[in-house]
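Asks: Handing over entry-v2.cif, mmCIF, C-alpha atoms.
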```cif
data_model
#
loop_
_atom_site.label_atom_id
_atom_site.label_comp_id
_atom_site.auth_asym_id
_atom_site.auth_seq_id
_atom_site.Cartn_x
_atom_site.Cartn_y
_atom_site.Cartn_z
CA MET Y 474 32.54 72.54 180.86
CA THR Y 475 32.45 75.68 178.76
CA ALA Y 476 30.33 78.69 179.53
CA SER Y 477 29.64 81.57 177.20
CA ILE Y 478 27.25 84.46 177.45
CA GLY Y 479 24.82 85.09 174.62
CA GLU Y 480 21.91 87.43 174.09
CA GLY Y 481 18.79 86.65 172.10
CA PRO Y 482 16.57 89.32 170.63
CA HIS Y 483 14.17 89.36 173.59
CA ARG Y 484 16.12 88.42 176.70
CA HIS Y 485 19.57 87.77 178.09
CA HIS Y 486 20.50 84.26 179.23
CA ALA Y 487 23.75 82.96 180.63
CA HIS Y 488 24.54 80.00 178.39
CA VAL Y 489 26.15 76.80 179.61
CA ASP Y 490 26.59 73.73 177.45
CA PRO Y 491 26.18 70.83 179.91
CA LEU Y 492 27.22 68.35 177.20
CA ALA Y 493 30.36 70.20 176.06
CA ALA Y 494 32.74 67.51 177.35
CA LEU Y 495 30.75 64.77 175.60
CA ARG Y 496 30.27 66.27 172.15
CA ALA Y 497 32.08 64.59 169.27
CA PRO Y 498 32.05 64.64 165.46
CA GLY Y 499 29.19 62.60 164.06
CA ASP Y 500 26.86 63.30 166.99
CA PRO Y 501 23.19 63.85 166.21
CA PRO Y 502 22.50 67.49 165.32
CA TRP Y 503 19.96 67.82 168.14
CA ASP Y 504 20.13 66.95 171.81
CA VAL Y 505 16.36 66.63 172.27
CA TYR Y 506 13.44 66.21 169.87
CA LEU Y 507 9.87 67.05 170.86
CA THR Y 508 6.49 66.99 169.20
CA GLY Y 509 3.09 68.00 170.49
CA THR Y 510 0.62 70.86 170.71
CA VAL Y 511 1.65 74.45 171.40
CA PHE Y 512 -0.96 76.48 173.27
CA LEU Y 513 -1.09 80.18 173.97
CA ASP Y 514 -1.24 80.27 177.76
CA ILE Y 515 -2.94 83.20 179.49
CA ILE Y 516 -2.18 82.97 183.22
CA PHE Y 517 -3.92 84.81 186.05
CA THR Y 518 -2.13 84.85 189.41
CA GLY Y 519 -2.69 86.54 192.73
CA LEU Y 520 -6.24 85.24 193.13
CA ASP Y 521 -7.24 84.89 196.77
CA SER Y 522 -9.54 81.96 196.04
CA ALA Y 523 -11.26 80.09 193.25
CA PRO Y 524 -13.62 82.20 191.11
CA VAL Y 525 -17.16 82.14 192.47
CA ARG Y 526 -20.10 81.52 190.17
CA GLY Y 527 -21.95 84.67 189.23
CA THR Y 528 -19.20 87.02 190.43
CA GLU Y 529 -16.23 88.83 188.91
CA SER Y 530 -12.76 88.11 190.27
CA TRP Y 531 -9.76 90.41 189.85
CA ALA Y 532 -6.27 88.92 189.64
CA ARG Y 533 -3.24 90.83 190.88
CA GLY Y 534 -1.02 89.35 188.17
CA MET Y 535 -1.41 88.24 184.56
CA GLY Y 536 0.90 87.00 181.85
CA SER Y 537 0.90 85.29 178.46
CA SER Y 538 3.38 82.79 177.07
CA PRO Y 539 3.66 79.79 174.77
CA GLY Y 540 2.39 76.69 176.59
CA GLY Y 541 1.73 73.00 176.03
CA VAL Y 542 4.80 71.29 174.58
CA ALA Y 543 6.48 74.73 174.51
CA ASN Y 544 6.95 74.46 178.29
CA MET Y 545 9.26 71.48 177.86
CA ALA Y 546 11.01 72.86 174.78
CA THR Y 547 11.83 76.16 176.47
CA ALA Y 548 13.02 74.50 179.67
CA LEU Y 549 15.40 72.27 177.71
CA ALA Y 550 16.72 75.11 175.57
CA ARG Y 551 17.39 77.33 178.60
CA LEU Y 552 19.42 74.51 180.15
CA GLY Y 553 21.72 74.57 177.14
CA LEU Y 554 20.38 71.62 175.14
CA ARG Y 555 19.99 71.89 171.36
CA THR Y 556 16.24 71.49 171.08
CA CYS Y 557 14.12 70.65 168.03
CA LEU Y 558 10.31 70.95 168.05
CA ALA Y 559 7.72 69.63 165.59
CA ALA Y 560 4.38 71.37 166.16
CA ALA Y 561 1.54 72.99 164.28
CA PHE Y 562 1.18 76.76 164.59
CA GLY Y 563 -1.85 78.77 163.57
CA ASP Y 564 -1.41 81.69 161.19
CA ASP Y 565 -3.22 84.02 163.60
CA HIS Y 566 -1.52 86.53 165.91
CA TYR Y 567 -1.37 83.96 168.73
CA GLY Y 568 0.50 81.52 166.50
CA GLU Y 569 2.88 84.20 165.25
CA TYR Y 570 3.64 85.26 168.82
CA CYS Y 571 4.37 81.69 169.94
CA TRP Y 572 6.54 80.98 166.88
CA ASP Y 573 8.56 84.16 167.42
CA GLU Y 574 9.05 83.55 171.15
CA LEU Y 575 10.27 79.98 170.63
CA LYS Y 576 12.40 80.45 167.51
CA GLU Y 577 13.86 83.92 167.99
CA GLY Y 578 13.57 84.30 171.75
CA GLU Y 579 14.67 80.83 172.86
CA GLY Y 580 16.69 79.53 169.90
CA ILE Y 581 14.53 76.42 169.44
CA ASP Y 582 14.75 74.80 166.00
CA LEU Y 583 11.31 74.79 164.39
CA SER Y 584 12.30 73.37 161.00
CA PRO Y 585 9.99 70.32 161.42
CA SER Y 586 7.13 72.61 162.52
CA ARG Y 587 4.46 74.01 160.23
CA LYS Y 588 2.28 77.11 160.04
CA VAL Y 589 -1.25 75.95 159.20
CA PRO Y 590 -3.33 78.46 157.20
CA GLY Y 591 -6.73 79.21 158.69
CA TRP Y 592 -6.14 77.18 161.85
CA HIS Y 593 -7.06 78.74 165.18
CA SER Y 594 -4.23 78.51 167.74
CA PRO Y 595 -5.20 76.51 170.86
CA VAL Y 596 -5.59 78.68 173.96
CA THR Y 597 -5.50 77.85 177.67
CA VAL Y 598 -6.53 80.22 180.45
CA SER Y 599 -4.92 79.19 183.75
CA MET Y 600 -5.92 80.57 187.15
CA ALA Y 601 -3.44 80.04 190.00
CA TYR Y 602 -4.55 80.23 193.62
CA GLU Y 603 -3.78 78.49 196.91
CA GLY Y 604 -0.85 76.64 195.33
CA GLU Y 605 -3.13 75.00 192.76
CA ARG Y 606 -4.43 75.92 189.33
CA THR Y 607 -7.63 75.68 187.32
CA MET Y 608 -7.52 75.70 183.54
CA VAL Y 609 -9.95 76.28 180.68
CA SER Y 610 -8.79 75.39 177.16
CA HIS Y 611 -10.10 75.82 173.63
CA GLY Y 612 -8.73 74.39 170.42
CA HIS Y 613 -9.39 72.54 167.17
CA GLU Y 614 -7.63 69.45 165.84
CA PRO Y 615 -4.92 70.37 163.33
CA PRO Y 616 -4.97 68.71 159.90
CA PRO Y 617 -3.97 65.03 160.26
CA GLU Y 618 -0.72 65.48 158.32
CA GLU Y 619 0.44 68.08 160.84
CA PRO Y 620 2.91 68.32 162.44
CA ALA Y 621 5.02 65.28 163.36
CA PRO Y 622 7.14 63.80 160.55
CA ASP Y 623 7.02 60.02 160.15
CA CYS Y 624 10.80 59.93 160.52
CA PRO Y 625 11.91 62.28 163.30
CA PRO Y 626 15.33 63.96 163.04
CA ARG Y 627 18.31 62.31 164.73
CA ALA Y 628 18.62 63.40 168.35
CA ARG Y 629 20.31 62.17 171.49
CA ALA Y 630 16.98 62.09 173.30
CA ALA Y 631 13.27 62.70 172.86
CA VAL Y 632 10.54 63.43 175.37
CA ALA Y 633 7.19 61.74 174.73
CA SER Y 634 3.85 62.15 176.48
CA LEU Y 635 2.20 58.72 176.41
CA THR Y 636 -1.53 58.27 175.84
CA PRO Y 637 -3.09 55.10 177.32
CA GLY Y 638 -4.24 52.74 174.59
CA ARG Y 639 -2.49 54.54 171.75
CA ARG Y 640 0.87 54.07 170.06
CA GLU Y 641 2.79 56.93 168.48
CA PRO Y 642 4.77 55.56 165.49
CA TRP Y 643 7.46 58.24 165.77
CA ILE Y 644 8.54 56.90 169.17
CA ALA Y 645 9.51 53.49 167.79
CA GLU Y 646 11.19 55.13 164.81
CA ALA Y 647 13.21 57.46 167.02
CA ALA Y 648 14.27 54.61 169.32
CA LYS Y 649 15.38 52.62 166.27
CA GLN Y 650 17.73 55.48 165.38
CA GLY Y 651 19.30 55.31 168.83
CA THR Y 652 17.36 58.19 170.40
CA ARG Y 653 16.86 57.78 174.15
CA ILE Y 654 13.17 58.20 174.96
CA PHE Y 655 11.98 59.84 178.20
CA ALA Y 656 8.24 59.52 178.78
CA ASP Y 657 5.62 61.01 181.03
CA VAL Y 658 1.88 60.33 181.03
CA GLY Y 659 -1.38 62.15 181.67
CA TRP Y 660 -4.34 61.05 183.73
CA ASP Y 661 -5.93 57.82 182.46
CA GLU Y 662 -9.48 58.95 181.67
CA THR Y 663 -10.50 55.33 180.99
CA GLY Y 664 -9.82 54.40 184.60
CA ALA Y 665 -8.10 51.17 183.52
CA TRP Y 666 -4.60 52.13 184.66
CA ASP Y 667 -3.20 49.15 182.77
CA PRO Y 668 0.55 49.30 182.02
CA ALA Y 669 -0.12 47.18 178.93
CA GLY Y 670 -1.98 50.20 177.56
CA LEU Y 671 1.30 52.13 177.56
CA ALA Y 672 2.69 50.07 174.71
CA ASP Y 673 5.38 52.59 173.78
CA LEU Y 674 7.07 52.07 177.16
CA GLU Y 675 8.96 49.21 175.49
CA HIS Y 676 10.87 51.85 173.49
CA CYS Y 677 11.57 54.13 176.47
CA GLU Y 678 14.63 54.45 178.66
CA ALA Y 679 12.89 56.38 181.43
CA PHE Y 680 9.32 56.85 182.68
CA LEU Y 681 8.50 59.85 184.91
CA PRO Y 682 4.95 59.66 186.38
CA ASN Y 683 3.77 61.39 189.53
CA ALA Y 684 3.11 59.39 192.69
CA GLU Y 685 -0.61 58.92 192.12
CA GLU Y 686 -0.12 57.75 188.54
CA ALA Y 687 2.72 55.40 189.52
CA MET Y 688 0.72 53.75 192.32
CA ARG Y 689 -2.36 53.29 190.15
CA TYR Y 690 -0.37 51.68 187.33
CA THR Y 691 1.38 49.29 189.72
CA ARG Y 692 -1.52 48.62 192.15
CA THR Y 693 0.69 49.66 195.07
CA ASP Y 694 0.05 51.98 198.00
CA CYS Y 695 3.60 53.36 198.24
CA PRO Y 696 5.19 55.55 195.54
CA ARG Y 697 8.66 54.13 196.23
CA ALA Y 698 7.37 50.58 195.84
CA ALA Y 699 5.67 51.74 192.66
CA ALA Y 700 8.98 53.01 191.28
CA HIS Y 701 10.59 49.60 191.85
CA ALA Y 702 7.61 47.85 190.24
CA LEU Y 703 7.76 50.08 187.16
CA THR Y 704 11.26 48.84 186.34
CA GLU Y 705 9.55 45.70 185.02
CA TYR Y 706 8.38 47.86 182.12
CA VAL Y 707 11.12 50.46 181.66
CA PRO Y 708 14.81 50.58 182.66
CA LEU Y 709 14.59 53.78 184.71
CA ALA Y 710 11.57 54.82 186.79
CA VAL Y 711 11.34 58.30 188.32
CA VAL Y 712 8.38 59.12 190.57
CA THR Y 713 7.71 62.70 191.64
CA LEU Y 714 6.42 63.01 195.20
CA GLY Y 715 5.25 66.62 195.33
CA ALA Y 716 6.36 68.29 198.55
CA GLU Y 717 8.41 65.18 199.42
CA GLY Y 718 10.68 65.48 196.38
CA ALA Y 719 11.33 62.58 194.01
CA TYR Y 720 12.48 58.96 194.01
CA ALA Y 721 14.12 57.00 191.21
CA VAL Y 722 15.16 53.41 190.55
CA ASP Y 723 17.49 52.20 187.81
CA GLY Y 724 16.46 48.62 187.10
CA ARG Y 725 19.65 47.96 185.12
CA THR Y 726 21.95 48.54 188.08
CA GLY Y 727 19.59 48.24 191.04
CA GLU Y 728 20.55 51.77 192.13
CA SER Y 729 17.90 53.91 193.79
CA ALA Y 730 17.95 57.52 194.98
CA GLY Y 731 15.61 59.88 196.76
CA VAL Y 732 15.94 63.65 197.04
CA PRO Y 733 13.75 65.96 199.16
CA ALA Y 734 11.98 68.92 197.60
CA ILE Y 735 13.17 72.50 198.00
CA ALA Y 736 10.65 74.54 199.99
CA VAL Y 737 9.59 77.61 198.02
CA GLU Y 738 6.62 79.96 197.89
CA ALA Y 739 4.79 78.98 194.71
CA LEU Y 740 3.41 81.80 192.58
CA ASP Y 741 2.31 79.66 189.64
CA PRO Y 742 2.83 75.87 189.33
CA THR Y 743 2.07 75.85 185.58
CA GLY Y 744 4.65 73.75 183.74
CA ALA Y 745 6.64 72.69 186.83
CA GLY Y 746 6.38 69.02 185.85
CA ASP Y 747 7.79 69.79 182.41
CA VAL Y 748 10.69 71.71 183.93
CA PHE Y 749 11.41 68.77 186.25
CA VAL Y 750 11.59 66.39 183.26
CA ALA Y 751 13.84 68.83 181.38
CA GLY Y 752 16.22 69.00 184.32
CA PHE Y 753 16.34 65.22 184.61
CA VAL Y 754 16.93 64.77 180.87
CA THR Y 755 19.78 67.30 181.03
CA GLY Y 756 21.48 65.48 183.90
CA THR Y 757 21.03 62.10 182.25
CA LEU Y 758 22.52 63.20 178.93
CA ALA Y 759 25.38 64.81 180.86
CA GLU Y 760 25.97 61.43 182.60
CA TRP Y 761 25.57 62.73 186.15
CA PRO Y 762 24.92 60.35 189.07
CA LEU Y 763 21.26 59.48 189.64
CA ALA Y 764 20.91 61.49 192.87
CA ASP Y 765 22.43 64.59 191.21
CA ARG Y 766 19.96 64.31 188.34
CA LEU Y 767 17.05 64.17 190.76
CA ALA Y 768 18.35 67.10 192.80
CA PHE Y 769 18.88 69.22 189.68
CA ALA Y 770 15.43 68.40 188.30
CA GLY Y 771 13.82 69.34 191.61
CA LEU Y 772 15.79 72.58 191.79
CA THR Y 773 14.81 73.71 188.29
CA ALA Y 774 11.14 72.92 189.02
CA ALA Y 775 11.28 74.81 192.33
CA LEU Y 776 12.75 77.88 190.65
CA SER Y 777 10.08 77.79 187.95
CA VAL Y 778 7.05 77.92 190.26
CA GLN Y 779 8.19 81.27 191.65
CA GLU Y 780 7.51 82.98 188.32
CA PHE Y 781 4.58 83.55 185.97
CA GLY Y 782 3.78 81.16 183.18
CA GLY Y 783 4.84 77.71 182.03
CA SER Y 784 7.51 78.25 179.40
CA LEU Y 785 8.71 81.72 180.36
CA SER Y 786 9.16 80.71 184.01
CA ALA Y 787 11.75 78.03 183.20
CA PRO Y 788 15.10 78.95 184.80
CA ASP Y 789 18.33 79.40 182.89
CA TRP Y 790 21.89 78.89 184.13
CA SER Y 791 22.19 82.47 185.33
CA GLU Y 792 19.28 81.99 187.70
CA ILE Y 793 20.54 78.57 188.82
CA GLY Y 794 23.93 80.12 189.50
CA ALA Y 795 22.38 83.01 191.43
CA TRP Y 796 20.46 80.56 193.62
CA TRP Y 797 23.58 78.50 194.30
CA ARG Y 798 25.61 81.55 195.33
CA LYS Y 799 22.75 82.81 197.50
CA VAL Y 800 22.15 79.60 199.48
CA GLN Y 801 25.87 79.27 200.21
CA SER Y 802 25.84 82.73 201.80
CA TYR Y 803 23.50 81.76 204.64
CA GLU Y 804 25.50 81.23 207.84
CA SER Y 805 22.81 78.93 209.26
CA GLN Y 806 22.74 76.72 206.17
CA ASP Y 807 22.75 73.00 206.91
CA PRO Y 808 26.06 71.64 205.49
CA ALA Y 809 24.45 68.28 204.69
CA ALA Y 810 21.66 69.96 202.71
CA LEU Y 811 24.18 72.16 200.92
CA SER Y 812 26.34 69.19 199.95
CA ARG Y 813 23.37 67.75 198.04
CA TYR Y 814 23.94 70.50 195.42
CA ALA Y 815 27.73 70.61 195.49
CA PHE Y 816 27.78 69.21 191.96
CA LEU Y 817 26.69 72.67 190.76
CA GLU Y 818 30.12 74.08 191.64
CA GLY Y 819 32.01 74.45 188.41
CA LEU Y 820 28.85 74.09 186.33
CA VAL Y 821 27.26 77.48 186.80
CA PRO Y 822 28.82 80.55 185.18
CA GLU Y 823 30.77 82.92 187.40
CA GLU Y 824 29.94 85.92 185.25
CA ASP Y 825 26.55 87.48 184.59
CA ILE Y 826 25.10 86.20 187.86
CA GLU Y 827 22.08 88.25 188.86
CA ALA Y 828 20.65 88.77 192.32
CA TRP Y 829 18.30 86.05 193.48
CA PRO Y 830 15.37 85.83 193.68
CA ARG Y 831 15.10 87.64 190.37
CA ARG Y 832 11.91 89.38 189.26
CA ARG Y 833 11.18 89.16 185.58
CA ALA Y 834 9.11 91.51 183.48
CA VAL Y 835 5.55 90.26 183.11
CA PRO Y 836 5.31 88.37 179.80
CA THR Y 837 2.47 89.39 177.54
CA ILE Y 838 1.65 89.44 173.85
CA GLY Y 839 3.51 92.09 171.89
CA PHE Y 840 5.58 93.22 174.87
CA ARG Y 841 9.27 93.74 174.19
CA ARG Y 842 11.78 94.11 176.98
CA PRO Y 843 14.04 97.17 176.70
CA GLY Y 844 17.62 96.65 175.64
#
```
As structure tokens, what does this structure read like?
Replies:
Amino acid sequence: MTASIGEGPHRHHAHVDPLAALRAPGDPPWDVYLTGTVFLDIIFTGLDSAPVRGTESWARGMGSSPGGVANMATALARLGLRTCLAAAFGDDHYGEYCWDELKEGEGIDLSPSRKVPGWHSPVTVSMAYEGERTMVSHGHEPPPEEPAPDCPPRARAAVASLTPGRREPWIAEAAKQGTRIFADVGWDETGAWDPAGLADLEHCEAFLPNAEEAMRYTRTDCPRAAAHALTEYVPLAVVTLGAEGAYAVDGRTGESAGVPAIAVEALDPTGAGDVFVAGFVTGTLAEWPLADRLAFAGLTAALSVQEFGGSLSAPDWSEIGAWWRKVQSYESQDPAALSRYAFLEGLVPEEDIEAWPRRRAVPTIGFRRPG
């Protein structure tokens, strides 16, 4: 494992390459390929309750950041994976801000992405309160030729969001090139919850639904049973269990693993699911044991919900390292619980470790951090 410290134009991240020991000549140029819609997220936090009709509510916190598929792209890039994103960007100020944050601030390759003249950037307003969130979005469909190329670039992995009843041709094409596909899914608005409607699962290595989605697709009343049932459709099933952590089954080996969640005070849950997937993809590409991958994914998600925003709340290795040093310092720490994360020793950088928990500057449009 090699660790080097690098500084982008907007922020300072400790950089670890989790795949350093595995890289070889002839590897794909990218670790992960993504495509999807980038939103400008405007997030209000510190609300005591849901807004009440006919009244004005004041939030104690507010931030702006790239959202949508940018949540996943940023989380992957901050974990040291070479990330490539194909997305449409408007030529308005919102689009320019998102492009700059992702390309210059996070080092994400946007060469397959396009700036669409005259197209209004999609916007989501998210209100976080009582550990939940309410969102209002606005957007227009981009031109049909934007943005995903028919033949995606070579990558070790790709993350796909499946839509019931619809195939995405790029998924099959990527799998044909040897790309390992990790898939999640949104709520089935049709109410059918038919696994046959997720036709692209046949090209996927892993499927990562939440407990409710997994149980509905498998007609089971237990998320762990649902994970086992899903291995009929995909080699590796990972079911997130909210406050109970996550459970995974590898149908190829019969191995299963469950890891409890880390208890944290959630400021904003926006993008936590994306960060979880990014952590699991990182551990899988690095060839870690299944339980370590689950623990790492849960840790990165837990760290993310303590900050504003979806993409800009994703932790980097400096923050992961700071957390690991901090939890080891507690005299009352349960040794068994601590051993669950012992795989982090030797991974996280010794230098440039900041105090934890770390407070970040509030992200907003046009704001530039000093230094």
Asks: One decimal, Å: what's the distance from atom CA of Phe562 of chain Y over to atom CA of Ala787 of chain Y, could you say?
Replies: 21.4 Å
Asks: At a cut-off of 9 Å, using only C-alpha atoms, what residues contact segment 733-737 of chain Y? Leave out same-chain residues fewer than 4 positions from it and give the result as a count of residues only.
Replies: 14
Asks: Enumerate, as a PyMOL selection string, the residues matched when the PyMOL selection byres ((chain Y and resi 708) around 6) is run on the file above.
Replies: chain Y and resi 678+704+707+709+724
Asks: Which residue out of Y:Glu685, Y:Asp582, Y:Glu675, Y:Asp490 has the minimum interatomic distance to Thr755 of chain Y when all atoms listed in the file are used?
Replies: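 Using all atoms listed in the file, Thr755 of chain Y sits closest to Y:Asp490.
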Asks: If the PyMOL selection byres ((chain Y and resi 652) around 7) were run on this exact file, what residues would it hold? Put them as a ChimeraX atom specification.
Replies: /Y:628-631,647-648,650-651,653-654
Asks: For the selection you just gave me, I'd like the residues written to a file as a CSV table (one decimal), keeping the file's coordinate frame, keeping C-alpha atoms.
Replies:
```csv
chain,number,residue,atom,x,y,z
Y,628,ALA,CA,18.6,63.4,168.4
Y,629,ARG,CA,20.3,62.2,171.5
Y,630,ALA,CA,17.0,62.1,173.3
Y,631,ALA,CA,13.3,62.7,172.9
Y,647,ALA,CA,13.2,57.5,167.0
Y,648,ALA,CA,14.3,54.6,169.3
Y,650,GLN,CA,17.7,55.5,165.4
Y,651,GLY,CA,19.3,55.3,168.8
Y,653,ARG,CA,16.9,57.8,174.2
Y,654,ILE,CA,13.2,58.2,175.0
```
Asks: Can you work out which one of Y:Arg526, Y:Leu549, Y:Trp660, Y:Gly819 has the shortest atom-to-atom distance to Ala770 of chain Y, counting only C-alpha atoms?
Replies: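 Residue with the minimum atom-to-atom distance to Ala770 of chain Y: Y:Leu549.
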Asks: Mind giving me the straight-line distance from atom CA of Leu811 of chain Y to atom CA of Pro762 of chain Y in Å, one decimal?
Replies: 16.7 Å
Asks: Name the residues that the PyMOL selection byres ((chain Y and resi 759) around 9) picks from the file above, as a VMD selection string, using the file's chain letters and numbers.
Replies: chain Y and resid 491 to 495 754 to 758 760 to 761
Asks: Work out how far apart atom CA of Val658 of chain Y and atom CA of Leu635 of chain Y are and give it in Å to one decimal.
Replies: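 A separation of 4.9 Å between them.
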